[in-house]
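K.L.:
Contents are compact mmCIF, C-alpha atoms; file name work_11.txt:
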# COMPACT_ATOMS: atom_id res chain seq x y z
CA MET G 412 -106.92 33.51 -48.57
CA PRO G 413 -107.08 37.32 -48.77
CA ARG G 414 -106.75 38.85 -52.17
CA VAL G 415 -103.89 41.31 -52.79
CA SER G 416 -104.74 44.13 -55.04
CA ARG G 417 -102.39 45.33 -57.75
CA GLU G 418 -102.16 48.71 -56.07
CA HIS G 419 -101.01 47.18 -52.76
CA SER G 420 -98.40 45.03 -54.46
CA THR G 421 -96.98 47.98 -56.31
CA THR G 422 -96.72 50.00 -53.09
CA ALA G 423 -94.82 47.19 -51.35
CA ALA G 424 -92.39 46.90 -54.21
CA ARG G 425 -91.73 50.60 -54.21
CA LYS G 426 -91.11 50.58 -50.44
CA ALA G 427 -88.71 47.65 -50.72
CA ALA G 428 -86.83 49.43 -53.51
CA MET G 429 -86.57 52.57 -51.38
CA ASP G 430 -85.41 50.62 -48.26
CA ALA G 431 -82.75 48.63 -50.12
CA PRO G 432 -80.06 51.38 -50.24
CA ILE G 433 -80.69 52.22 -46.58
CA LYS G 434 -80.33 48.55 -45.57
CA LYS G 435 -77.15 48.19 -47.61
CA GLU G 436 -75.74 51.33 -46.01
CA LYS G 437 -76.43 49.90 -42.56
CA GLU G 438 -74.68 46.64 -43.44
CA ILE G 439 -71.64 48.51 -44.74
CA LYS G 440 -71.55 50.65 -41.58
CA LYS G 441 -71.81 47.56 -39.35
CA GLU G 442 -69.06 45.81 -41.25
CA ARG G 443 -66.85 48.90 -40.93
CA GLU G 444 -67.43 49.05 -37.16
CA GLU G 445 -66.53 45.36 -36.89
CA THR G 446 -63.31 45.91 -38.79
CA GLU G 447 -62.18 49.21 -37.30
CA ILE G 448 -63.47 49.07 -33.73
CA ILE G 449 -64.63 45.63 -32.55
CA SER G 450 -61.84 43.49 -34.02
CA PRO G 451 -58.92 45.54 -32.56
CA ILE G 452 -60.58 45.49 -29.14
CA LYS G 453 -61.04 41.70 -29.30
CA LYS G 454 -57.41 41.28 -30.35
CA GLU G 455 -56.21 43.49 -27.47
CA VAL G 456 -58.28 41.50 -24.98
CA GLU G 457 -56.88 38.22 -26.30
CA GLU G 458 -53.33 39.50 -25.99
CA THR G 459 -53.80 40.62 -22.38
CA LYS G 460 -55.21 37.27 -21.27
CA PRO G 461 -52.78 35.30 -19.07
CA GLU G 462 -51.07 32.63 -21.12
CA THR G 463 -51.97 29.14 -20.02
CA LYS G 464 -48.72 27.17 -19.90
CA LYS G 465 -48.74 23.62 -21.08
CA GLU G 466 -47.31 21.22 -18.53
CA ASP G 467 -43.75 20.34 -19.54
CA ASN G 468 -42.73 16.84 -18.51
CA THR G 469 -39.38 16.96 -20.30
CA VAL G 470 -36.20 16.35 -18.30
CA TYR G 471 -32.83 16.51 -20.08
CA GLY G 472 -34.51 15.91 -23.43
CA GLU G 473 -36.69 12.98 -22.34
CA VAL G 474 -40.45 13.16 -21.80
CA LEU G 475 -41.43 11.53 -18.50
CA PRO G 476 -44.76 10.22 -17.20
CA ALA G 477 -46.44 12.57 -14.72
CA ASP G 478 -45.52 10.49 -11.63
CA GLU G 479 -41.83 10.32 -12.62
CA LYS G 480 -41.77 14.07 -13.28
CA GLN G 481 -43.36 14.72 -9.90
CA LEU G 482 -40.77 12.60 -8.11
CA ILE G 483 -37.71 13.96 -9.90
CA ASP G 484 -38.85 17.55 -9.33
CA LEU G 485 -38.98 16.76 -5.62
CA ILE G 486 -35.56 15.05 -5.62
CA GLN G 487 -33.92 17.94 -7.52
CA ALA G 488 -35.15 20.32 -4.82
CA TYR G 489 -32.78 18.52 -2.39
CA PRO G 490 -29.21 18.73 -3.82
CA LYS G 491 -27.80 16.41 -1.15
CA GLY G 492 -30.59 13.89 -1.63
CA ILE G 493 -33.93 13.15 0.02
CA SER G 494 -34.80 10.14 2.16
CA SER G 495 -37.74 7.88 1.37
CA VAL G 496 -39.34 8.93 4.67
CA LEU G 497 -39.23 12.64 3.83
CA ALA G 498 -40.25 12.03 0.22
CA LEU G 499 -43.46 10.24 1.26
CA GLN G 500 -44.39 13.23 3.42
CA HIS G 501 -44.38 15.39 0.28
CA LEU G 502 -46.12 12.90 -2.03
CA ASP G 503 -49.79 12.69 -1.09
CA GLY G 504 -51.35 9.33 -1.77
CA TRP G 505 -48.04 7.58 -2.52
CA SER G 506 -47.09 4.30 -0.86
CA ILE G 507 -43.53 3.05 -0.33
CA ASN G 508 -44.10 0.62 -3.20
CA ASP G 509 -45.12 3.49 -5.49
CA LEU G 510 -41.99 5.40 -4.47
CA VAL G 511 -39.67 2.44 -5.08
CA THR G 512 -41.29 1.58 -8.43
CA VAL G 513 -41.10 5.13 -9.80
CA GLY G 514 -37.63 5.61 -8.29
CA ASN G 515 -36.32 2.46 -9.98
CA SER G 516 -37.70 3.67 -13.30
CA LEU G 517 -35.87 7.00 -12.93
CA SER G 518 -32.71 5.17 -11.91
CA LYS G 519 -32.83 2.99 -15.04
CA LYS G 520 -33.03 6.19 -17.07
CA ASP G 521 -29.84 7.43 -15.28
CA LEU G 522 -31.71 10.43 -13.84
CA ILE G 523 -31.23 9.57 -10.14
CA GLU G 524 -29.11 7.43 -7.83
CA ILE G 525 -30.72 5.31 -5.11
CA ARG G 526 -28.59 4.72 -2.02
CA SER G 527 -29.47 2.42 0.82
CA SER G 528 -28.53 2.80 4.49
CA GLY G 529 -29.72 0.95 7.55
CA THR G 530 -28.90 -1.63 10.18
CA GLY G 531 -30.54 -4.62 8.55
CA PRO G 532 -33.52 -6.02 6.64
CA GLY G 533 -36.64 -3.97 7.25
CA ASN G 534 -34.63 -1.06 8.65
CA ASN G 535 -33.19 0.25 5.38
CA VAL G 536 -33.77 3.88 4.51
CA LEU G 537 -33.50 4.80 0.85
CA THR G 538 -31.97 8.07 -0.24
CA PHE G 539 -32.72 9.49 -3.69
CA VAL G 540 -30.08 11.77 -5.25
CA ALA G 541 -30.55 13.65 -8.52
CA VAL G 542 -27.92 13.19 -11.24
CA SER G 543 -26.62 16.32 -12.98
CA GLU G 544 -27.36 16.86 -16.65
CA GLU G 545 -23.67 16.47 -17.53
CA GLU G 546 -23.53 13.17 -15.65
CA VAL G 547 -26.74 11.96 -17.33
CA HIS G 548 -25.30 12.54 -20.80
CA LYS G 549 -22.06 10.88 -19.71
CA LEU G 550 -23.86 7.77 -18.44
CA ARG G 551 -26.04 7.53 -21.53
CA SER G 552 -22.91 7.35 -23.66
CA MET G 553 -21.86 4.11 -21.90
CA ASP G 554 -22.86 0.51 -22.42
CA ALA G 555 -23.89 -1.76 -19.54
CA ASN G 556 -20.36 -2.94 -18.66
CA GLU G 557 -18.91 0.57 -18.84
CA LYS G 558 -21.57 1.83 -16.44
CA ILE G 559 -20.71 -0.86 -13.89
CA ILE G 560 -16.96 -0.20 -14.14
CA TYR G 561 -17.53 3.57 -14.00
CA GLY G 562 -19.65 3.17 -10.85
CA TYR G 563 -16.90 1.35 -8.94
CA ILE G 564 -14.24 3.85 -10.08
CA LYS G 565 -16.44 6.76 -9.00
CA GLU G 566 -17.01 5.10 -5.62
CA ALA G 567 -13.23 4.76 -5.08
CA GLY G 568 -12.82 8.54 -5.23
CA SER G 569 -9.34 10.09 -5.15
CA LYS G 570 -7.75 6.88 -3.84
CA GLY G 571 -8.49 5.10 -7.09
CA ILE G 572 -8.98 1.37 -7.62
CA TRP G 573 -6.83 -1.45 -8.99
CA GLN G 574 -7.81 -3.27 -12.18
CA LYS G 575 -7.87 -6.56 -10.27
CA ASP G 576 -10.31 -5.14 -7.71
CA LEU G 577 -12.55 -3.91 -10.54
CA LYS G 578 -12.71 -7.41 -11.98
CA ILE G 579 -13.55 -8.97 -8.59
CA LYS G 580 -16.18 -6.39 -7.61
CA SER G 581 -17.89 -6.20 -10.99
CA GLY G 582 -17.84 -9.89 -11.80
CA ILE G 583 -17.11 -8.97 -15.42
CA HIS G 584 -14.66 -11.01 -17.50
CA GLN G 585 -11.11 -9.63 -17.62
CA LYS G 586 -11.24 -9.00 -21.37
CA GLN G 587 -14.46 -6.97 -21.05
CA VAL G 588 -13.04 -5.04 -18.08
CA LEU G 589 -10.01 -4.05 -20.15
CA ALA G 590 -12.22 -3.05 -23.10
CA SER G 591 -14.42 -0.87 -20.84
CA LEU G 592 -11.42 0.78 -19.19
CA LYS G 593 -9.87 1.53 -22.57
CA ALA G 594 -13.10 3.05 -23.88
CA LEU G 595 -13.67 5.21 -20.78
CA GLU G 596 -10.07 6.39 -20.75
CA LYS G 597 -10.20 7.26 -24.46
CA ARG G 598 -13.25 9.49 -23.82
CA LYS G 599 -11.43 11.13 -20.87
CA ILE G 600 -14.01 9.94 -18.36
CA ILE G 601 -11.35 8.14 -16.28
CA LYS G 602 -7.56 8.21 -16.03
CA THR G 603 -4.74 6.03 -14.71
CA VAL G 604 -2.34 7.17 -12.00
CA LYS G 605 0.88 5.56 -10.76
CA SER G 606 0.83 4.62 -7.10
CA ILE G 607 3.84 4.89 -4.80
CA LYS G 608 2.79 1.56 -3.26
CA ASN G 609 3.59 -0.22 -6.50
CA SER G 610 5.23 1.59 -9.40
CA ILE G 611 4.26 -1.15 -11.86
CA LYS G 612 0.55 -1.18 -11.08
CA ARG G 613 -1.75 1.72 -11.82
CA VAL G 614 -4.97 2.83 -10.19
CA TYR G 615 -8.03 4.15 -12.01
CA MET G 616 -9.98 7.24 -10.93
CA LEU G 617 -12.31 9.82 -12.45
CA TYR G 618 -10.58 12.10 -14.94
CA GLU G 619 -11.37 15.32 -13.06
CA LEU G 620 -10.11 14.14 -9.64
CA ALA G 621 -6.68 14.88 -8.15
CA PRO G 622 -5.07 11.76 -6.64
CA SER G 623 -4.80 11.63 -2.85
CA ASP G 624 -1.50 11.76 -0.97
CA GLU G 625 -1.99 8.05 -0.29
CA VAL G 626 -1.53 7.45 -4.02
CA THR G 627 1.13 10.05 -4.90
CA GLY G 628 3.00 10.18 -1.60
CA GLY G 629 2.16 13.84 -1.12
CA THR G 630 4.36 16.92 -1.31
CA PHE G 631 7.63 15.12 -0.62
CA TYR G 632 7.37 12.80 -3.61
CA GLN G 633 8.21 13.63 -7.20
CA ASP G 634 7.69 11.17 -10.06
CA ASN G 635 6.84 8.50 -7.48
CA GLU G 636 10.22 8.91 -5.79
CA LEU G 637 10.89 10.38 -2.33
CA ASP G 638 12.56 13.75 -2.93
CA VAL G 639 15.27 13.53 -0.24
CA GLU G 640 17.04 16.69 -1.42
CA PHE G 641 13.81 18.71 -1.19
CA ILE G 642 13.17 17.41 2.33
CA GLU G 643 16.70 18.41 3.40
CA ILE G 644 16.28 21.93 1.99
CA LEU G 645 12.98 22.44 3.82
CA SER G 646 14.26 20.91 7.08
CA THR G 647 17.29 23.19 7.03
CA ALA G 648 15.13 26.26 6.37
CA ILE G 649 12.77 25.38 9.24
CA TYR G 650 15.64 24.71 11.64
CA ARG G 651 17.32 28.03 10.82
CA LYS G 652 14.03 29.88 11.32
CA ILE G 653 13.43 28.21 14.70
CA LEU G 654 17.05 28.79 15.76
CA LYS G 655 16.81 32.48 14.87
CA ASP G 656 13.52 32.87 16.77
CA SER G 657 15.00 31.03 19.76
CA MET G 658 17.92 33.41 20.17
CA SER G 659 17.98 36.52 22.32
CA SER G 660 18.40 39.93 20.72
CA SER G 661 22.14 39.82 21.34
CA GLU G 662 22.19 36.42 19.58
CA ASP G 663 24.67 35.00 22.04
CA GLN G 664 22.32 32.72 23.97
CA LEU G 665 18.98 30.93 23.67
CA LEU G 666 15.82 32.44 25.11
CA PRO G 667 14.48 30.85 28.32
CA ALA G 668 12.21 27.80 28.10
CA ASN G 669 9.19 29.79 29.35
CA TYR G 670 9.42 32.33 26.51
CA PRO G 671 5.84 32.42 25.11
CA TYR G 672 6.47 33.34 21.46
CA TYR G 673 8.44 30.50 19.91
CA PRO G 674 7.33 29.51 16.36
CA THR G 675 4.23 27.34 15.85
CA VAL G 676 3.15 25.08 13.00
CA SER G 677 1.04 27.86 11.46
CA SER G 678 3.77 30.50 11.62
CA LEU G 679 6.31 28.10 10.13
CA SER G 680 3.83 27.14 7.40
CA ASN G 681 3.39 30.81 6.46
CA PHE G 682 7.15 31.30 6.49
CA LEU G 683 7.83 28.40 4.12
CA ASN G 684 4.88 28.93 1.78
CA ASN G 685 5.91 32.56 1.27
CA SER G 686 9.50 31.59 0.48
CA ASP G 687 10.95 30.65 -2.90
CA LEU G 688 12.00 27.14 -1.87
CA PHE G 689 9.22 25.28 -3.69
CA ARG G 690 8.84 23.51 -6.97
CA SER G 691 6.21 25.05 -9.22
CA GLY G 692 2.67 24.38 -7.98
CA VAL G 693 3.80 22.92 -4.63
CA SER G 694 2.66 24.15 -1.23
CA LEU G 695 2.84 22.69 2.26
CA ASP G 696 -0.09 22.14 4.59
CA ASN G 697 0.21 21.90 8.37
CA ASP G 698 0.58 18.11 8.29
CA ASP G 699 3.61 18.44 6.01
CA ILE G 700 5.17 21.00 8.37
CA GLN G 701 4.48 18.74 11.33
CA GLY G 702 6.31 15.88 9.62
CA LEU G 703 9.40 18.04 9.11
CA LEU G 704 9.26 19.24 12.73
CA ASP G 705 9.01 15.67 14.03
CA ARG G 706 12.09 14.79 11.99
CA LEU G 707 14.04 17.67 13.58
CA ILE G 708 12.87 16.61 17.06
CA TYR G 709 14.09 13.04 16.46
CA ASP G 710 17.40 14.47 15.26
CA GLY G 711 17.68 16.33 18.56
CA LYS G 712 17.82 19.77 16.97
CA ILE G 713 14.58 21.20 18.37
CA GLU G 714 12.07 20.47 21.09
CA LYS G 715 8.42 21.32 21.51
CA ARG G 716 6.81 23.21 24.36
CA LEU G 717 3.16 23.60 25.26
CA ARG G 718 2.04 27.06 24.24
CA SER G 719 1.03 29.38 27.07
CA SER G 720 -2.42 30.98 27.22
CA LEU G 721 -0.73 34.40 27.00
CA ALA G 722 0.60 33.67 23.49
CA SER G 723 -2.38 31.71 22.19
CA ASN G 724 -4.93 34.53 22.75
CA GLY G 725 -7.63 31.93 23.15
CA ALA G 726 -6.89 30.26 19.80
CA GLU G 727 -8.45 26.83 19.53
CA ASP G 728 -6.33 25.54 16.62
CA GLU G 729 -4.76 22.27 17.76
CA ASP G 730 -1.83 22.77 15.36
CA ASP G 731 -0.83 25.85 17.34
CA ALA G 732 -1.16 24.26 20.76
CA TRP G 733 2.60 23.60 20.62
CA MET G 734 5.56 25.84 19.87
CA TYR G 735 9.08 24.83 18.87
CA LYS G 736 12.47 26.02 20.16
CA ALA G 737 16.01 25.18 19.24
CA VAL G 738 18.04 22.90 21.50
CA ASN G 739 21.34 24.11 22.94
CA THR G 740 23.70 21.62 21.28
CA SER G 741 26.80 23.10 22.92
CA LYS G 742 25.91 22.09 26.47
CA THR G 743 27.16 18.81 27.96
CA ASP G 744 24.77 16.52 29.75
CA ASN G 745 25.14 13.17 31.44
CA VAL G 746 25.96 10.13 29.31
CA LEU G 747 22.30 8.97 29.02
CA THR G 748 20.91 12.22 27.66
CA ASP G 749 23.92 12.69 25.40
CA THR G 750 23.25 9.43 23.53
CA PRO G 751 20.43 9.14 20.98
CA CYS G 752 18.74 6.63 23.27
CA GLY G 753 18.12 9.29 25.91
CA GLN G 754 15.95 11.33 23.51
CA CYS G 755 14.53 8.51 21.37
CA PRO G 756 10.69 8.59 21.20
CA VAL G 757 10.52 4.79 20.67
CA PHE G 758 13.10 3.88 23.31
CA LYS G 759 10.66 1.56 25.14
CA MET G 760 10.10 -0.45 21.94
CA CYS G 761 13.83 -0.95 21.30
CA ASN G 762 15.25 -4.46 21.83
CA SER G 763 17.72 -6.73 20.06
CA LEU G 764 14.98 -8.88 18.46
CA GLY G 765 12.46 -6.15 17.57
CA GLU G 766 11.98 -3.99 14.51
CA VAL G 767 13.52 -1.13 16.49
CA ASN G 768 16.97 -2.30 17.67
CA PRO G 769 20.46 -0.83 18.23
CA SER G 770 22.07 -2.75 15.36
CA THR G 771 19.91 -1.06 12.71
CA CYS G 772 19.53 2.37 14.38
CA GLN G 773 21.09 5.00 12.14
CA TYR G 774 21.19 7.57 14.95
CA PHE G 775 23.08 5.19 17.25
CA SER G 776 25.54 4.27 14.46
CA LYS G 777 26.30 7.93 13.76
CA TRP G 778 26.83 8.58 17.47
CA LEU G 779 29.32 5.73 17.69
CA GLU G 780 31.38 7.24 14.87
CA PHE G 781 32.39 10.23 17.06
When written as structure tokens, how does the structure in this file appear?

P.N.:
Amino acid sequence: MPRVSREHSTTAARKAAMDAPIKKEKEIKKEREETEIISPIKKEVEETKPETKKEDNTVYGEVLPADEKQLIDLIQAYPKGISSVLALQHLDGWSINDLVTVGNSLSKKDLIEIRSSGTGPGNNVLTFVAVSEEEVHKLRSMDANEKIIYGYIKEAGSKGIWQKDLKIKSGIHQKQVLASLKALEKRKIIKTVKSIKNSIKRVYMLYELAPSDEVTGGTFYQDNELDVEFIEILSTAIYRKILKDSMSSSEDQLLPANYPYYPTVSSLSNFLNNSDLFRSGVSLDNDDIQGLLDRLIYDGKIEKRLRSSLASNGAEDEDDAWMYKAVNTSKTDNVLTDTPCGQCPVFKMCNSLGEVNPSTCQYFSKWLEF
């Protein structure tokens, strides 16, 4: 081992003592650079890095397995629904069994509806339809019986469904059916509507739906009663309009039969709907107008003529294929055409033993009174 002289040791100590302040200064300088220069740059780099998004498997507040999230994302991309055939084309590696299993799981969670269509066993095609968030929350507020009852009411649409039919279709006991209906009605999910077919019975339909004419009777019914006075007012207004448009400018005779601009269903609809003859919120569609026109034809006040190509201007609307003119009631015809029978549209069905017969015909009775 080499011997270290006292002189050498002293020199080393002095050098170390001299280097110490320099070393400390370097450390302070390095620390300052780290704080003032390096750290801000690192922070800036971190902030500019693209944020890696965590995969969100939450749907309407529920966390789903990856396969369920994949399927519902696909179904939601098709608002009208996606068939099982098309779905499998988008889902690599999925079998029909995988699709049905995952689909059933989503259906149990009220997130989708599964509809089946086909001609028989083995030919069924499944359609998957996404359920809206509002509908999901609505379904999750129901118990098992309420869901079944709600499903049949929803299926009935604007025609509604009788309580008895709900019991038969659902297979649920009458007492439980009544309890479910009461609960759904209380939460304003469904409502009851009187039907003109039976004023005592009521039909159930979704709260937000407007009942069909089949249930309410349509425009000519009010409070489930046929509004005869309203029909008379409208019929009179239509007849006067047609009579006016059937007269010549001198208003002393009817226009010829080949006149091409007699009123049509559309023009009469516009005339009535722009008048002040209606109850609040009531309007007539072309079918309503047609019913009033048919009534006037049967009464012998008007007749219909096929519209000429000159007046139609190539219009393809079937409602305007016919035009309507007033009948000259002052002229005398032979006995056959003067009687109601000569103009009756169901003349061939009339016989003494049938539903249409002279003894119950109101038009024939009125004619005999003259």

K.L.:
For Ser646 of chain G, work out the shell of residues within 12 Å, counting only C-alpha atoms and skipping chain neighbours fewer than 6 positions away, then give it as an MDAnalysis selection string.

P.N.:
chainID G and resid 631 639:640 652:653 679 683 688 699:708 710 712:713

K.L.:
Measuring atom to atom with only C-alpha atoms, identify which of G:Ile611, G:Leu654, G:Met734, G:Ile644 is nearest to Ser677 of chain G.

P.N.:
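Checking each candidate against Ser677 of chain G, we get G:Met734 as the closest.
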
K.L.:
Within 10 Å of Phe682 of chain G, counting all atoms listed in the file, which residues show up once you throw out same-chain ones fewer than 4 positions away? Write them as a ChimeraX atom specification, please.

P.N.:
/G:648-649,652,676-678,686

K.L.:
Just want the 12 Å neighbourhood of segment 593-600 of chain G, counted on all atoms listed in the file, with same-chain residues fewer than 3 positions away dropped. Output as number ranges by chain.

P.N.:
G: 545-546, 548-550, 552-554, 556-562, 564-565, 574, 586-590, 603-604, 615-620

K.L.:
Counting all atoms listed in the file, write as a PyMOL selection string all protein and nucleic acid residues lying at most 12 Å from (-38.9, 19.3, -0.9) in the file's frame.

P.N.:
chain G and resi 481-502+539

K.L.:
Between G:Tyr632, G:Tyr774, G:Tyr650, G:Tyr735, which one has atoms that come closest to Tyr672 of chain G, using only C-alpha atoms?

P.N.:
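Among the listed residues, the smallest separation from Tyr672 of chain G belongs to G:Tyr735.
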
K.L.:
So how many Å separate atom CA of Lys578 of chain G and atom CA of Leu517 of chain G, to one decimal?

P.N.:
27.3 Å

K.L.:
Taking (2.8, 23.8, 1.9) in the file's coordinates as the center, which residues reach within 9 Å of it, counting all atoms listed in the file, put as a list in words?

P.N.:
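The requested residues, written out, are Thr630, Ser680, Asn681, Leu683, Asn684, Phe689, Val693, Ser694, Leu695, Asp696, Asn697, Asp698, Asp699 and Ile700 of chain G.
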
K.L.:
Quick one: distance from atom CA of Asp521 of chain G to atom CA of Ile583 of chain G in Å, one decimal?

P.N.:
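Between atom CA of Asp521 of chain G and atom CA of Ile583 of chain G the gap is 20.8 Å.
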
K.L.:
With distances taken over only C-alpha atoms, which residue among G:Tyr673, G:Lys715, G:Cys772, G:Pro667 lies nearest Lys655 of chain G?

P.N.:
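Among the listed residues, the smallest separation from Lys655 of chain G belongs to G:Tyr673.
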
K.L.:
Residues within 9 Å of Ile572 of chain G, please, as an MDAnalysis selection string. Count only C-alpha atoms; anything in the same chain fewer than 4 positions from it doesn't count.

P.N.:
chainID G and resid 563:564 567:568 576:577 613:616

K.L.:
Mind pulling up the distance from atom CA of Asp687 of chain G to atom CA of Leu645 of chain G?

P.N.:
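Taking atom CA of Leu645 of chain G and atom CA of Asp687 of chain G, their separation equals 10.8 Å.
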